[in-house]
Amino acid sequence: MAVLTGNAPVVPAKVRERSGGWGRVPKYLLAGVLVLIFLLPFYIMVRNALMTRAQVASPEWSWLPDPLSWVNFGDLFADPSVPMGHALLNSLVIAVVTAPVGTMFGSMAGYALARIDVPGRRAVFTYVLVTLMIPQSVTFVPTFVVVGAMGGVNTEWGIIAPNLFSAFTVILFRNFYLRFPAEIEEAGRLDGLGYLGVYRRLVLPNSGAMIASLGALMFIESWNSFLWPLVIGQDPSSWTAQIALSTFLTAQTINLPALFAGALVTIAPLVAMFLVAQRFIVRGIAASGMKE
C-alpha cells in the first residue's frame, strides 16, 4: 500500500523489490536461451566424441551415447599417421613462448609510442596502425622467403618468430599508457630514473591486468593459429594441434568420432585459459580504451 507524503506517493521497499524482481525475468530468460545456444556446439562435440562411427552416422537422433565409447580418445593418440600428442606439445611450446615474449614486446613498444617524445613517433604509430589493414595472407610469401632463408622451415622458432610482434597489442598498450598517471612517472624521474627505469620499476608493475589480459589473448591466438604453421611446418614432426586435427578432414575416409575427440582435446587448454583469465581480459580491454 502506498504511503502519501505531501502530494507524491511513496512505494514501500518490499513492493519495489518485488516489481524489480519480476522485471528481471525476461532478462534471465533471454540470458538462459543465449547460454543454451552458446553451449550447444560443446554438447554436440562431447556427444559425438563418445559415440561410435555407426552412432554418429545414424539417422536416428539420440541425446546421449549408449554406451560411452571412451576408446575414441585412445585411438586418437594411437594413430601413427596423425602425431596428435607431439602436435599438442608443439602447440603448447609455441603458445607458451609467444604469449609472454610477444606481450612484453607489445608493452615496450606501446610505452615508447605513448611516452617517449621523439621525431616521427606519430608516423611510426600510423605505420603500425596500417599493418592491421593488411590481410595476413598477403605477407605469407615474403615472410616465408625470409624465414626459409634463415633455415626456419620445419622448426618451432620459424613458427614463433613472425608472431612475436602484434600491432593490435601495441595499439592497446599505447592507449593504456596514454591514460597512465603522469604523476607516478614524474616521481620516478625526480628520483633520477630514466625512461627504462621508470618503465621497469613503476609502469610495468602497475600494468598487471593489461599484461595478463593481452597475454591470454596472445596465447589463444597462437594456439588457434593454422595458416602460418601449415605453411612453415611441412614435416609432421613440426605440426601443431590445429594442423593435426585438420588431417581428419582431408583423409580419404573421415573418422568422425576421432575428429570430435581431437577437437575436444584441442580446445580444452583454451577453455581452461579463458576460465582463469576472463576477468583479466575484460578488465584489461576496458582499461586500454579503444579511442584516442
# chains A, B, ... in the order shown; residues from 1 in each chain; ligands from 1
$ closest_atom_pairs --of "range 242-279 of chain A" --to "range 231-235 of chain A" --cutoff "12 Å" --atoms "only C-alpha atoms" --output "CSV"
residue,atom,partner,partner_atom,distance
A:Gln242,CA,A:Gly233,CA,11.7
A:Ile243,CA,A:Gly233,CA,9.1
A:Ala244,CA,A:Gly233,CA,11.2
$ write_last_selection --atoms "all heavy atoms" --output "short mmCIF file (atom, residue, chain, number, x, y, z; two decimals), in the first residue's frame"
data_model
loop_
_atom_site.label_atom_id
_atom_site.label_comp_id
_atom_site.auth_asym_id
_atom_site.auth_seq_id
_atom_site.Cartn_x
_atom_site.Cartn_y
_atom_site.Cartn_z
N GLN A 242 46.30 -27.81 -34.46
CA GLN A 242 45.30 -27.47 -35.46
C GLN A 242 45.56 -28.17 -36.79
O GLN A 242 44.62 -28.60 -37.47
CB GLN A 242 45.28 -25.95 -35.67
CG GLN A 242 45.11 -25.14 -34.40
CD GLN A 242 43.84 -25.46 -33.66
OE1 GLN A 242 42.85 -25.85 -34.26
NE2 GLN A 242 43.85 -25.31 -32.35
N ILE A 243 46.83 -28.30 -37.16
CA ILE A 243 47.16 -28.99 -38.41
C ILE A 243 46.87 -30.48 -38.29
O ILE A 243 46.31 -31.10 -39.21
CB ILE A 243 48.63 -28.75 -38.78
CG1 ILE A 243 48.89 -27.25 -38.98
CG2 ILE A 243 49.00 -29.51 -40.04
CD1 ILE A 243 50.34 -26.92 -39.22
N ALA A 244 47.25 -31.06 -37.17
CA ALA A 244 46.97 -32.49 -36.96
C ALA A 244 45.47 -32.75 -36.98
O ALA A 244 45.02 -33.76 -37.53
CB ALA A 244 47.58 -32.94 -35.63
#
$ residues_around --residues "range 89-101 of chain A" --least-positions-apart "5" --cutoff "10 Å" --atoms "only C-alpha atoms" --output "number ranges by chain"
A: 84, 106-107, 155-157, 159-165, 211-212, 214-225, 229, 237-243, 266, 269
$ atom_distance --atom1 "CA of Phe168 in chain A" --atom2 "CA of Leu129 in chain A"
8.1 Å
$ closest_residue --among "A:Met210, A:Glu60, A:Arg115, A:Asn154" --to "Tyr195 in chain A" --atoms "only C-alpha atoms"
A:Arg115
$ atom_distance --atom1 "CA of Arg179 in chain A" --atom2 "CA of Phe125 in chain A"
16.7 Å
$ residues_around --residues "Trp70 in chain A" --least-positions-apart "5" --cutoff "10 Å" --atoms "only C-alpha atoms" --output "ChimeraX atom specification"
/A:49-52,75,261
$ write_last_selection --atoms "N, CA, C and O atoms" --output "short mmCIF file (atom, residue, chain, number, x, y, z; two decimals), in the first residue's frame"
data_model
loop_
_atom_site.label_atom_id
_atom_site.label_comp_id
_atom_site.auth_asym_id
_atom_site.auth_seq_id
_atom_site.Cartn_x
_atom_site.Cartn_y
_atom_site.Cartn_z
N ALA A 49 32.03 -37.21 -29.62
CA ALA A 49 33.33 -37.77 -29.27
C ALA A 49 33.21 -39.07 -28.49
O ALA A 49 34.15 -39.86 -28.46
N LEU A 50 32.06 -39.30 -27.88
CA LEU A 50 31.84 -40.51 -27.07
C LEU A 50 30.95 -41.52 -27.78
O LEU A 50 30.44 -42.44 -27.14
N MET A 51 30.77 -41.35 -29.08
CA MET A 51 29.95 -42.28 -29.86
C MET A 51 30.82 -43.11 -30.79
O MET A 51 31.98 -42.76 -31.07
N THR A 52 30.26 -44.19 -31.30
CA THR A 52 30.91 -44.96 -32.34
C THR A 52 30.60 -44.34 -33.69
O THR A 52 29.74 -43.45 -33.81
N ASP A 75 42.26 -44.15 -29.53
CA ASP A 75 42.56 -44.26 -30.96
C ASP A 75 43.15 -42.97 -31.51
O ASP A 75 43.95 -42.98 -32.45
N ALA A 261 36.70 -36.05 -30.99
CA ALA A 261 37.56 -36.26 -29.81
C ALA A 261 38.79 -35.36 -29.89
O ALA A 261 39.21 -34.76 -28.89
#
